[in-house]
Amino acid sequence: MTRRLAEVAKKVGVSEATVSRVLNGKPGVSEATRQAVLSALDVLGYERPTQLRGERARLVGLVLPELQNPIFPAFAEVIGGALAQLGLTPVLCTQTKGGVSEADYVELLLQQQVSGVVFAGGLYAQAEAPHDHYRLLADRNIPVVLVNAAIEHLGFPGVSCDDAVAVEQAWRHLASLGHERIGLVLGPGDHVPSARKLAAARATGDVPDEFVARAIFSIEGGHAAASRLLDRGVTGIICASDPLALGAVRAARRKGYEVPGRVSVVGYDDSAFMNCTEPPLTTVRQPIEAMGRAAVELLNAQIGGTAVPAEELLFEPELVVRGSTAQAPKA
């Protein structure tokens, strides 16, 4: 019992005495705190006291495209924790190849009568993907928040890392090191964040078409795309994700090129363990904590009946310089 009190208290950010009052039905606790404690019990896997089991937790769907890229578990941790503190229980929905689709998850969440849904890295970012399930949520007036850039006209509020600033930081860093032949490894052509990154690169420097390579978001995709760029003579590569950048490093090594001696590589996200790679990865950090908490605030406002404009909040990224970038090789 003591351990349970301590874990729940830590999860919610209140005293053990407050948790005890909630579990024993004592007065003197706000409704928001009471709901947060009950949700923390659910999240931590503890049974509610008998007299409280009839109360259904308020559920919020958290829909992610995958968990292999460490950026998505990081967002899940921040968003899930912030939801629990508000008395909302996150329901994690992760897509798998050949498994349950994003649209299928939306149907399941509607059946569970969720209070809202947060999407991170979903089909809303791809112009040519199906979007009917988003319209279904809008028609049902379900509160929704999107994390990172989306196509236009969906009508939902969102929080995004500024893709243009991210590329400007990476480009200027490589240019300051003397790199003139800089290539980009981006996602598919209909991927909105990648389109923003490309536009920013072309506004910052010279990017011929042959210095732009498209890939699926994986280490293997980065390897294949970067290999093409290396054959075209680039000395610096800016990637749209950290896994793509790790693939680029692998591609360089397979060709016998030193990183960063012959090729410099910049990632995007600063996801877990990027300071532990060899060499440690220079990357552009997304402010995950601030973005995740802002997404939950926007969602909670909608759940509470407040009208939230369908606007995008842009957050500033930060260049993190490590060992994968260095002076351009001398001709």
# chains A, B, ... in the order shown; residues from 1 in each chain; ligands from 1
>>> residues_around(residues="segment 234-251 of chain A", least_positions_apart="5", cutoff="6 Å", atoms="only C-alpha atoms", output="list in words")
Arg181, Ile182, Gly183, Leu184, Val185, Leu186, Ser218, Ile219, Glu220, Gly222, His223, Ala226, Ser227, Val263, Ser264, Val265, Val266, Gly267 and Tyr268 of chain A
>>> closest_atom_pairs(of="segment 156-267 of chain A", to="segment 305-322 of chain A", cutoff="8 Å", atoms="only C-alpha atoms", output="CSV")
residue,atom,partner,partner_atom,distance
A:Phe156,CA,A:Ala310,CA,4.7
A:Pro157,CA,A:Ala310,CA,4.1
A:Gly158,CA,A:Glu312,CA,4.6
A:Val159,CA,A:Leu313,CA,4.7
A:Ser160,CA,A:Leu314,CA,5.0
A:Cys161,CA,A:Phe315,CA,4.7
A:Asp162,CA,A:Leu314,CA,5.5
A:Val165,CA,A:Pro317,CA,7.0
A:Ala166,CA,A:Pro317,CA,5.9
A:Gln169,CA,A:Leu319,CA,6.3
A:Ala170,CA,A:Leu319,CA,6.9
>>> residues_around(residues="Ala138 of chain A", least_positions_apart="3", cutoff="12 Å", atoms="only C-alpha atoms", output="list in words")
Val106, Leu110, Gly116, Val117, His131, Asp132, His133, Tyr134, Arg135, Asn141, Ile142, Pro143, Val144, Val145, His153, Leu154, Gly155, Phe156, Pro157 and Ala310 of chain A
>>> residues_around(residues="Asp270 of chain A", least_positions_apart="4", cutoff="8 Å", atoms="only C-alpha atoms", output="list in words")
Ile71, Asp242, Met274, Thr283, Val284, Arg285, Gln286 and Val320 of chain A
>>> write_last_selection(atoms="all heavy atoms", output="PDB file, in the first residue's frame")
ATOM      1  N   ILE A  71      11.959   9.053 -31.208  1.00  0.00           N
ATOM      2  CA  ILE A  71      11.247  10.313 -31.000  1.00  0.00           C
ATOM      3  C   ILE A  71       9.798  10.072 -30.599  1.00  0.00           C
ATOM      4  O   ILE A  71       9.223  10.833 -29.818  1.00  0.00           O
ATOM      5  CB  ILE A  71      11.319  11.201 -32.272  1.00  0.00           C
ATOM      6  CG1 ILE A  71      10.920  12.646 -31.951  1.00  0.00           C
ATOM      7  CG2 ILE A  71      10.448  10.658 -33.381  1.00  0.00           C
ATOM      8  CD1 ILE A  71      11.889  13.371 -31.053  1.00  0.00           C
ATOM      9  N   ASP A 242      16.644  11.390 -37.370  1.00  0.00           N
ATOM     10  CA  ASP A 242      17.877  10.766 -36.884  1.00  0.00           C
ATOM     11  C   ASP A 242      18.113   9.378 -37.483  1.00  0.00           C
ATOM     12  O   ASP A 242      19.248   9.057 -37.862  1.00  0.00           O
ATOM     13  CB  ASP A 242      17.865  10.691 -35.359  1.00  0.00           C
ATOM     14  CG  ASP A 242      18.050  12.065 -34.717  1.00  0.00           C
ATOM     15  OD1 ASP A 242      18.573  12.980 -35.381  1.00  0.00           O
ATOM     16  OD2 ASP A 242      17.659  12.223 -33.539  1.00  0.00           O
ATOM     17  N   MET A 274      21.409   9.501 -29.425  1.00  0.00           N
ATOM     18  CA  MET A 274      22.172  10.060 -30.542  1.00  0.00           C
ATOM     19  C   MET A 274      23.529  10.602 -30.088  1.00  0.00           C
ATOM     20  O   MET A 274      24.417  10.818 -30.916  1.00  0.00           O
ATOM     21  CB  MET A 274      21.370  11.168 -31.246  1.00  0.00           C
ATOM     22  CG  MET A 274      20.136  10.668 -31.980  1.00  0.00           C
ATOM     23  SD  MET A 274      20.487   9.366 -33.190  1.00  0.00           S
ATOM     24  CE  MET A 274      19.878   7.910 -32.325  1.00  0.00           C
ATOM     25  N   THR A 283      22.790  17.015 -34.700  1.00  0.00           N
ATOM     26  CA  THR A 283      21.375  16.938 -35.067  1.00  0.00           C
ATOM     27  C   THR A 283      20.658  18.200 -34.629  1.00  0.00           C
ATOM     28  O   THR A 283      21.217  19.031 -33.903  1.00  0.00           O
ATOM     29  CB  THR A 283      20.725  15.688 -34.439  1.00  0.00           C
ATOM     30  OG1 THR A 283      19.388  15.531 -34.930  1.00  0.00           O
ATOM     31  CG2 THR A 283      20.686  15.776 -32.924  1.00  0.00           C
ATOM     32  N   VAL A 284      19.428  18.366 -35.087  1.00  0.00           N
ATOM     33  CA  VAL A 284      18.602  19.508 -34.703  1.00  0.00           C
ATOM     34  C   VAL A 284      17.526  19.005 -33.753  1.00  0.00           C
ATOM     35  O   VAL A 284      16.730  18.135 -34.105  1.00  0.00           O
ATOM     36  CB  VAL A 284      17.973  20.196 -35.931  1.00  0.00           C
ATOM     37  CG1 VAL A 284      17.154  21.409 -35.486  1.00  0.00           C
ATOM     38  CG2 VAL A 284      19.058  20.635 -36.912  1.00  0.00           C
ATOM     39  N   ARG A 285      17.524  19.527 -32.546  1.00  0.00           N
ATOM     40  CA  ARG A 285      16.663  19.019 -31.477  1.00  0.00           C
ATOM     41  C   ARG A 285      15.264  19.612 -31.529  1.00  0.00           C
ATOM     42  O   ARG A 285      15.086  20.830 -31.577  1.00  0.00           O
ATOM     43  CB  ARG A 285      17.299  19.329 -30.117  1.00  0.00           C
ATOM     44  CG  ARG A 285      16.451  18.943 -28.909  1.00  0.00           C
ATOM     45  CD  ARG A 285      17.148  19.342 -27.627  1.00  0.00           C
ATOM     46  NE  ARG A 285      18.401  18.602 -27.464  1.00  0.00           N
ATOM     47  CZ  ARG A 285      19.414  19.023 -26.710  1.00  0.00           C
ATOM     48  NH1 ARG A 285      19.337  20.191 -26.077  1.00  0.00           N
ATOM     49  NH2 ARG A 285      20.507  18.268 -26.606  1.00  0.00           N
ATOM     50  N   GLN A 286      14.261  18.735 -31.518  1.00  0.00           N
ATOM     51  CA  GLN A 286      12.895  19.183 -31.315  1.00  0.00           C
ATOM     52  C   GLN A 286      12.661  19.404 -29.822  1.00  0.00           C
ATOM     53  O   GLN A 286      13.074  18.569 -29.011  1.00  0.00           O
ATOM     54  CB  GLN A 286      11.890  18.137 -31.799  1.00  0.00           C
ATOM     55  CG  GLN A 286      11.796  17.950 -33.292  1.00  0.00           C
ATOM     56  CD  GLN A 286      10.500  17.254 -33.681  1.00  0.00           C
ATOM     57  OE1 GLN A 286       9.425  17.792 -33.484  1.00  0.00           O
ATOM     58  NE2 GLN A 286      10.610  16.054 -34.232  1.00  0.00           N
ATOM     59  N   VAL A 320      22.324  20.894 -32.221  1.00  0.00           N
ATOM     60  CA  VAL A 320      23.205  20.251 -31.241  1.00  0.00           C
ATOM     61  C   VAL A 320      24.409  19.713 -32.008  1.00  0.00           C
ATOM     62  O   VAL A 320      24.293  18.739 -32.759  1.00  0.00           O
ATOM     63  CB  VAL A 320      22.482  19.115 -30.499  1.00  0.00           C
ATOM     64  CG1 VAL A 320      23.412  18.488 -29.458  1.00  0.00           C
ATOM     65  CG2 VAL A 320      21.203  19.621 -29.830  1.00  0.00           C
TER      66      VAL A 320
END
>>> residues_around(residues="His191 of chain A", least_positions_apart="6", cutoff="12 Å", atoms="only C-alpha atoms", output="PDB file with N, CA, C and O atoms, in the first residue's frame")
ATOM      1  N   GLY A 121       2.880  12.413 -35.934  1.00  0.00           N
ATOM      2  CA  GLY A 121       3.481  11.759 -37.085  1.00  0.00           C
ATOM      3  C   GLY A 121       2.534  10.880 -37.867  1.00  0.00           C
ATOM      4  O   GLY A 121       2.915   9.800 -38.298  1.00  0.00           O
ATOM      5  N   GLY A 122       1.317  11.329 -38.072  1.00  0.00           N
ATOM      6  CA  GLY A 122       0.309  10.506 -38.736  1.00  0.00           C
ATOM      7  C   GLY A 122       0.123  10.830 -40.204  1.00  0.00           C
ATOM      8  O   GLY A 122       0.892  11.580 -40.819  1.00  0.00           O
ATOM      9  N   LEU A 123      -0.942  10.264 -40.764  1.00  0.00           N
ATOM     10  CA  LEU A 123      -1.233  10.440 -42.187  1.00  0.00           C
ATOM     11  C   LEU A 123      -1.628  11.873 -42.530  1.00  0.00           C
ATOM     12  O   LEU A 123      -1.646  12.244 -43.707  1.00  0.00           O
ATOM     13  N   TYR A 124      -1.941  12.668 -41.514  1.00  0.00           N
ATOM     14  CA  TYR A 124      -2.289  14.069 -41.766  1.00  0.00           C
ATOM     15  C   TYR A 124      -1.125  14.837 -42.389  1.00  0.00           C
ATOM     16  O   TYR A 124      -1.312  15.913 -42.954  1.00  0.00           O
ATOM     17  N   ALA A 125       0.093  14.302 -42.271  1.00  0.00           N
ATOM     18  CA  ALA A 125       1.267  14.976 -42.827  1.00  0.00           C
ATOM     19  C   ALA A 125       1.522  14.603 -44.284  1.00  0.00           C
ATOM     20  O   ALA A 125       2.424  15.158 -44.913  1.00  0.00           O
ATOM     21  N   GLN A 126       0.743  13.662 -44.834  1.00  0.00           N
ATOM     22  CA  GLN A 126       0.943  13.205 -46.214  1.00  0.00           C
ATOM     23  C   GLN A 126      -0.248  13.605 -47.077  1.00  0.00           C
ATOM     24  O   GLN A 126      -1.377  13.183 -46.831  1.00  0.00           O
ATOM     25  N   ALA A 127       0.015  14.409 -48.086  1.00  0.00           N
ATOM     26  CA  ALA A 127      -1.062  14.963 -48.910  1.00  0.00           C
ATOM     27  C   ALA A 127      -1.841  13.889 -49.655  1.00  0.00           C
ATOM     28  O   ALA A 127      -3.055  14.024 -49.876  1.00  0.00           O
ATOM     29  N   GLU A 128      -1.175  12.807 -50.056  1.00  0.00           N
ATOM     30  CA  GLU A 128      -1.829  11.789 -50.875  1.00  0.00           C
ATOM     31  C   GLU A 128      -2.400  10.620 -50.058  1.00  0.00           C
ATOM     32  O   GLU A 128      -2.929   9.670 -50.633  1.00  0.00           O
ATOM     33  N   ALA A 129      -2.302  10.693 -48.743  1.00  0.00           N
ATOM     34  CA  ALA A 129      -2.829   9.620 -47.890  1.00  0.00           C
ATOM     35  C   ALA A 129      -4.331   9.805 -47.673  1.00  0.00           C
ATOM     36  O   ALA A 129      -4.874  10.891 -47.892  1.00  0.00           O
ATOM     37  N   ASN A 148       3.246  18.234 -35.167  1.00  0.00           N
ATOM     38  CA  ASN A 148       4.061  18.470 -36.361  1.00  0.00           C
ATOM     39  C   ASN A 148       3.210  18.618 -37.619  1.00  0.00           C
ATOM     40  O   ASN A 148       2.042  18.245 -37.644  1.00  0.00           O
ATOM     41  N   ALA A 149       3.830  19.186 -38.638  1.00  0.00           N
ATOM     42  CA  ALA A 149       3.123  19.787 -39.765  1.00  0.00           C
ATOM     43  C   ALA A 149       2.101  18.872 -40.427  1.00  0.00           C
ATOM     44  O   ALA A 149       2.338  17.690 -40.631  1.00  0.00           O
ATOM     45  N   ALA A 150       0.960  19.469 -40.767  1.00  0.00           N
ATOM     46  CA  ALA A 150      -0.146  18.744 -41.397  1.00  0.00           C
ATOM     47  C   ALA A 150      -0.512  19.398 -42.726  1.00  0.00           C
ATOM     48  O   ALA A 150      -0.131  20.535 -43.006  1.00  0.00           O
ATOM     49  N   ILE A 151      -1.262  18.671 -43.534  1.00  0.00           N
ATOM     50  CA  ILE A 151      -1.811  19.272 -44.746  1.00  0.00           C
ATOM     51  C   ILE A 151      -2.811  20.352 -44.342  1.00  0.00           C
ATOM     52  O   ILE A 151      -3.264  20.404 -43.195  1.00  0.00           O
ATOM     53  N   LYS A 197      11.079  21.610 -45.305  1.00  0.00           N
ATOM     54  CA  LYS A 197      12.535  21.571 -45.183  1.00  0.00           C
ATOM     55  C   LYS A 197      13.194  21.876 -46.534  1.00  0.00           C
ATOM     56  O   LYS A 197      14.177  22.621 -46.603  1.00  0.00           O
ATOM     57  N   LEU A 198      12.660  21.310 -47.605  1.00  0.00           N
ATOM     58  CA  LEU A 198      13.228  21.548 -48.930  1.00  0.00           C
ATOM     59  C   LEU A 198      13.090  23.015 -49.315  1.00  0.00           C
ATOM     60  O   LEU A 198      14.033  23.623 -49.850  1.00  0.00           O
ATOM     61  N   ARG A 214      14.901  11.117 -51.804  1.00  0.00           N
ATOM     62  CA  ARG A 214      13.715  10.756 -51.013  1.00  0.00           C
ATOM     63  C   ARG A 214      13.884   9.359 -50.422  1.00  0.00           C
ATOM     64  O   ARG A 214      14.536   8.492 -51.018  1.00  0.00           O
ATOM     65  N   ALA A 215      13.265   9.137 -49.265  1.00  0.00           N
ATOM     66  CA  ALA A 215      13.414   7.841 -48.601  1.00  0.00           C
ATOM     67  C   ALA A 215      12.250   7.595 -47.669  1.00  0.00           C
ATOM     68  O   ALA A 215      11.567   8.530 -47.231  1.00  0.00           O
ATOM     69  N   ILE A 216      11.998   6.321 -47.362  1.00  0.00           N
ATOM     70  CA  ILE A 216      11.102   5.998 -46.257  1.00  0.00           C
ATOM     71  C   ILE A 216      11.859   6.287 -44.965  1.00  0.00           C
ATOM     72  O   ILE A 216      13.089   6.263 -44.933  1.00  0.00           O
ATOM     73  N   PHE A 217      11.122   6.572 -43.893  1.00  0.00           N
ATOM     74  CA  PHE A 217      11.771   6.983 -42.652  1.00  0.00           C
ATOM     75  C   PHE A 217      12.300   5.767 -41.895  1.00  0.00           C
ATOM     76  O   PHE A 217      11.628   5.195 -41.030  1.00  0.00           O
ATOM     77  N   ALA A 240      16.149  14.312 -42.640  1.00  0.00           N
ATOM     78  CA  ALA A 240      14.868  14.694 -42.051  1.00  0.00           C
ATOM     79  C   ALA A 240      14.532  13.933 -40.776  1.00  0.00           C
ATOM     80  O   ALA A 240      13.478  14.170 -40.183  1.00  0.00           O
TER      81      ALA A 240
END
>>> atom_distance(atom1="atom CA of Thr96 of chain A", atom2="atom CA of Asp42 of chain A")
24.9 Å
>>> select_by_dssp(residues="segment 110-226 of chain A", states="strand (DSSP E or B)", output="compact mmCIF listing (two decimals) with all heavy atoms, in the first residue's frame")
# COMPACT_ATOMS: atom_id res chain seq x y z
N GLY A 116 -10.89 12.76 -26.45
CA GLY A 116 -10.12 13.47 -27.45
C GLY A 116 -9.04 12.57 -28.01
O GLY A 116 -8.84 11.44 -27.56
N VAL A 117 -8.32 13.07 -29.02
CA VAL A 117 -7.25 12.30 -29.67
C VAL A 117 -6.08 13.22 -29.97
O VAL A 117 -6.26 14.34 -30.46
CB VAL A 117 -7.72 11.64 -30.98
CG1 VAL A 117 -6.62 10.76 -31.56
CG2 VAL A 117 -8.99 10.83 -30.78
N VAL A 118 -4.86 12.74 -29.68
CA VAL A 118 -3.64 13.41 -30.10
C VAL A 118 -2.94 12.52 -31.12
O VAL A 118 -2.71 11.33 -30.87
CB VAL A 118 -2.68 13.66 -28.91
CG1 VAL A 118 -1.38 14.31 -29.40
CG2 VAL A 118 -3.35 14.54 -27.86
N PHE A 119 -2.64 13.09 -32.28
CA PHE A 119 -1.91 12.37 -33.32
C PHE A 119 -0.49 12.92 -33.40
O PHE A 119 -0.29 14.13 -33.38
CB PHE A 119 -2.56 12.56 -34.69
CG PHE A 119 -3.91 11.90 -34.86
CD1 PHE A 119 -5.07 12.59 -34.54
CD2 PHE A 119 -3.99 10.61 -35.36
CE1 PHE A 119 -6.31 12.00 -34.71
CE2 PHE A 119 -5.23 10.01 -35.53
CZ PHE A 119 -6.39 10.69 -35.20
N ALA A 120 0.49 12.04 -33.51
CA ALA A 120 1.88 12.47 -33.71
C ALA A 120 2.46 11.70 -34.89
O ALA A 120 2.50 10.47 -34.88
CB ALA A 120 2.72 12.22 -32.46
N GLN A 126 0.74 13.66 -44.83
CA GLN A 126 0.94 13.21 -46.21
C GLN A 126 -0.25 13.60 -47.08
O GLN A 126 -1.38 13.18 -46.83
CB GLN A 126 1.12 11.69 -46.24
CG GLN A 126 2.38 11.21 -45.52
CD GLN A 126 2.48 9.70 -45.52
OE1 GLN A 126 2.49 9.07 -44.46
NE2 GLN A 126 2.55 9.10 -46.70
N VAL A 144 -9.25 17.28 -31.08
CA VAL A 144 -8.07 16.68 -31.73
C VAL A 144 -6.94 17.69 -31.74
O VAL A 144 -7.17 18.89 -31.94
CB VAL A 144 -8.39 16.25 -33.18
CG1 VAL A 144 -7.12 15.84 -33.92
CG2 VAL A 144 -9.40 15.10 -33.19
N VAL A 145 -5.72 17.21 -31.53
CA VAL A 145 -4.52 18.03 -31.69
C VAL A 145 -3.51 17.23 -32.52
O VAL A 145 -3.34 16.03 -32.30
CB VAL A 145 -3.89 18.42 -30.34
CG1 VAL A 145 -2.60 19.20 -30.57
CG2 VAL A 145 -4.86 19.26 -29.51
N LEU A 146 -2.86 17.90 -33.46
CA LEU A 146 -1.86 17.27 -34.33
C LEU A 146 -0.47 17.75 -33.94
O LEU A 146 -0.26 18.94 -33.71
CB LEU A 146 -2.12 17.63 -35.79
CG LEU A 146 -3.55 17.38 -36.31
CD1 LEU A 146 -3.67 17.86 -37.75
CD2 LEU A 146 -3.93 15.91 -36.19
N VAL A 147 0.47 16.81 -33.85
CA VAL A 147 1.85 17.15 -33.52
C VAL A 147 2.69 17.10 -34.79
O VAL A 147 2.80 16.04 -35.43
CB VAL A 147 2.43 16.19 -32.46
CG1 VAL A 147 3.90 16.52 -32.19
CG2 VAL A 147 1.62 16.27 -31.17
N GLY A 158 -2.65 22.53 -33.95
CA GLY A 158 -1.46 21.69 -33.94
C GLY A 158 -0.28 22.39 -33.30
O GLY A 158 -0.26 23.61 -33.14
N VAL A 159 0.70 21.58 -32.93
CA VAL A 159 1.98 22.10 -32.44
C VAL A 159 3.07 21.50 -33.32
O VAL A 159 3.05 20.30 -33.59
CB VAL A 159 2.21 21.77 -30.95
CG1 VAL A 159 1.17 22.43 -30.08
CG2 VAL A 159 2.22 20.27 -30.71
N SER A 160 3.99 22.32 -33.78
CA SER A 160 5.01 21.85 -34.71
C SER A 160 6.37 22.44 -34.37
O SER A 160 6.47 23.57 -33.88
CB SER A 160 4.67 22.25 -36.15
OG SER A 160 3.47 21.67 -36.57
N CYS A 161 7.40 21.66 -34.65
CA CYS A 161 8.74 22.20 -34.65
C CYS A 161 8.94 22.92 -35.98
O CYS A 161 8.47 22.44 -37.02
CB CYS A 161 9.76 21.06 -34.48
SG CYS A 161 11.46 21.62 -34.27
N ILE A 182 26.01 20.38 -50.60
CA ILE A 182 25.19 19.88 -49.49
C ILE A 182 23.94 19.22 -50.03
O ILE A 182 23.20 19.81 -50.83
CB ILE A 182 24.79 21.03 -48.53
CG1 ILE A 182 26.06 21.70 -47.96
CG2 ILE A 182 23.90 20.52 -47.41
CD1 ILE A 182 25.77 22.95 -47.15
N GLY A 183 23.70 17.98 -49.62
CA GLY A 183 22.52 17.24 -50.07
C GLY A 183 21.50 17.07 -48.96
O GLY A 183 21.80 17.27 -47.78
N LEU A 184 20.28 16.71 -49.35
CA LEU A 184 19.18 16.50 -48.41
C LEU A 184 18.62 15.10 -48.56
O LEU A 184 18.38 14.64 -49.68
CB LEU A 184 18.05 17.51 -48.67
CG LEU A 184 18.38 19.00 -48.58
CD1 LEU A 184 17.17 19.81 -49.04
CD2 LEU A 184 18.75 19.37 -47.16
N VAL A 185 18.40 14.43 -47.44
CA VAL A 185 17.66 13.17 -47.42
C VAL A 185 16.32 13.44 -46.74
O VAL A 185 16.28 13.73 -45.53
CB VAL A 185 18.42 12.05 -46.68
CG1 VAL A 185 17.57 10.80 -46.58
CG2 VAL A 185 19.73 11.74 -47.39
N LEU A 186 15.25 13.38 -47.52
CA LEU A 186 13.92 13.77 -47.05
C LEU A 186 12.95 12.61 -47.16
O LEU A 186 13.25 11.57 -47.76
CB LEU A 186 13.40 14.95 -47.86
CG LEU A 186 14.28 16.21 -47.88
CD1 LEU A 186 13.71 17.24 -48.85
CD2 LEU A 186 14.40 16.80 -46.48
N HIS A 191 5.08 14.54 -48.29
CA HIS A 191 5.24 14.70 -46.84
C HIS A 191 5.47 16.17 -46.51
O HIS A 191 6.46 16.76 -46.92
CB HIS A 191 6.43 13.84 -46.38
CG HIS A 191 6.63 13.82 -44.91
ND1 HIS A 191 7.75 14.34 -44.29
CD2 HIS A 191 5.85 13.33 -43.91
CE1 HIS A 191 7.66 14.16 -42.99
NE2 HIS A 191 6.52 13.56 -42.73
N VAL A 212 18.89 16.15 -53.91
CA VAL A 212 17.74 15.85 -53.06
C VAL A 212 17.36 14.39 -53.26
O VAL A 212 17.08 13.97 -54.39
CB VAL A 212 16.52 16.75 -53.39
CG1 VAL A 212 15.34 16.39 -52.50
CG2 VAL A 212 16.89 18.22 -53.22
N ALA A 213 17.37 13.60 -52.20
CA ALA A 213 17.02 12.18 -52.27
C ALA A 213 15.86 11.89 -51.33
O ALA A 213 15.84 12.37 -50.19
CB ALA A 213 18.22 11.31 -51.91
N ARG A 214 14.90 11.12 -51.80
CA ARG A 214 13.71 10.76 -51.01
C ARG A 214 13.88 9.36 -50.42
O ARG A 214 14.54 8.49 -51.02
CB ARG A 214 12.47 10.79 -51.90
CG ARG A 214 12.21 12.13 -52.56
CD ARG A 214 11.66 13.14 -51.58
NE ARG A 214 11.38 14.43 -52.22
CZ ARG A 214 10.82 15.44 -51.57
NH1 ARG A 214 10.46 15.30 -50.30
NH2 ARG A 214 10.60 16.59 -52.20
>>> closest_residue(among="A:Cys93, A:Ala84, A:Val29, A:Ala164", to="Phe72 of chain A", atoms="only C-alpha atoms")
A:Cys93
>>> residues_around(residues="Thr94 of chain A", least_positions_apart="5", cutoff="9 Å", atoms="only C-alpha atoms", output="list in words")
Leu62, Val63, Leu64, Pro65, Glu66, Leu67, Val100, Ser101, Glu102 and Tyr105 of chain A
>>> residues_around(residues="Leu5 of chain A", least_positions_apart="3", cutoff="8 Å", atoms="only C-alpha atoms", output="VMD selection string")
chain A and resid 1 to 2 8 to 9 16 19 to 20
>>> select_by_dssp(residues="segment 87-326 of chain A", states="alpha helix (DSSP H)", output="PyMOL selection string")
chain A and resi 102-111+132-139+163-176+192-204+219-231+242-254+288-303
>>> closest_residue(among="A:Ala82, A:Gln68, A:Arg34, A:Gly323", to="Glu289 of chain A", atoms="only C-alpha atoms")
A:Ala82
>>> decode(residues="segment 230-264 of chain A", atoms="C-alpha atoms", output="PDB file, in the first residue's frame")
ATOM      1  CA  LEU A 230      27.467  10.352 -52.165  1.00  0.00           C
ATOM      2  CA  ASP A 231      27.782   9.076 -55.727  1.00  0.00           C
ATOM      3  CA  ARG A 232      26.906  12.618 -56.849  1.00  0.00           C
ATOM      4  CA  GLY A 233      29.735  14.144 -54.831  1.00  0.00           C
ATOM      5  CA  VAL A 234      28.075  15.752 -51.811  1.00  0.00           C
ATOM      6  CA  THR A 235      30.262  16.379 -48.767  1.00  0.00           C
ATOM      7  CA  GLY A 236      27.478  17.332 -46.339  1.00  0.00           C
ATOM      8  CA  ILE A 237      24.107  15.643 -45.821  1.00  0.00           C
ATOM      9  CA  ILE A 238      21.098  17.064 -43.949  1.00  0.00           C
ATOM     10  CA  CYS A 239      18.546  14.406 -42.991  1.00  0.00           C
ATOM     11  CA  ALA A 240      14.868  14.694 -42.051  1.00  0.00           C
ATOM     12  CA  SER A 241      15.216  12.325 -39.059  1.00  0.00           C
ATOM     13  CA  ASP A 242      17.877  10.766 -36.884  1.00  0.00           C
ATOM     14  CA  PRO A 243      17.330   7.219 -38.240  1.00  0.00           C
ATOM     15  CA  LEU A 244      17.816   8.591 -41.768  1.00  0.00           C
ATOM     16  CA  ALA A 245      21.052  10.213 -40.589  1.00  0.00           C
ATOM     17  CA  LEU A 246      22.282   6.953 -39.050  1.00  0.00           C
ATOM     18  CA  GLY A 247      21.598   5.319 -42.399  1.00  0.00           C
ATOM     19  CA  ALA A 248      23.608   8.045 -44.106  1.00  0.00           C
ATOM     20  CA  VAL A 249      26.566   7.411 -41.793  1.00  0.00           C
ATOM     21  CA  ARG A 250      26.356   3.714 -42.597  1.00  0.00           C
ATOM     22  CA  ALA A 251      26.225   4.437 -46.339  1.00  0.00           C
ATOM     23  CA  ALA A 252      29.351   6.579 -46.121  1.00  0.00           C
ATOM     24  CA  ARG A 253      31.249   3.902 -44.254  1.00  0.00           C
ATOM     25  CA  ARG A 254      30.199   1.217 -46.723  1.00  0.00           C
ATOM     26  CA  LYS A 255      31.827   3.336 -49.434  1.00  0.00           C
ATOM     27  CA  GLY A 256      34.990   3.688 -47.374  1.00  0.00           C
ATOM     28  CA  TYR A 257      34.381   7.344 -46.474  1.00  0.00           C
ATOM     29  CA  GLU A 258      35.197   8.668 -43.013  1.00  0.00           C
ATOM     30  CA  VAL A 259      32.512  10.530 -41.063  1.00  0.00           C
ATOM     31  CA  PRO A 260      33.165  13.394 -40.567  1.00  0.00           C
ATOM     32  CA  GLY A 261      36.552  13.374 -42.365  1.00  0.00           C
ATOM     33  CA  ARG A 262      35.107  12.934 -45.847  1.00  0.00           C
ATOM     34  CA  VAL A 263      31.348  13.395 -45.241  1.00  0.00           C
ATOM     35  CA  SER A 264      29.488  15.399 -42.595  1.00  0.00           C
TER      36      SER A 264
END
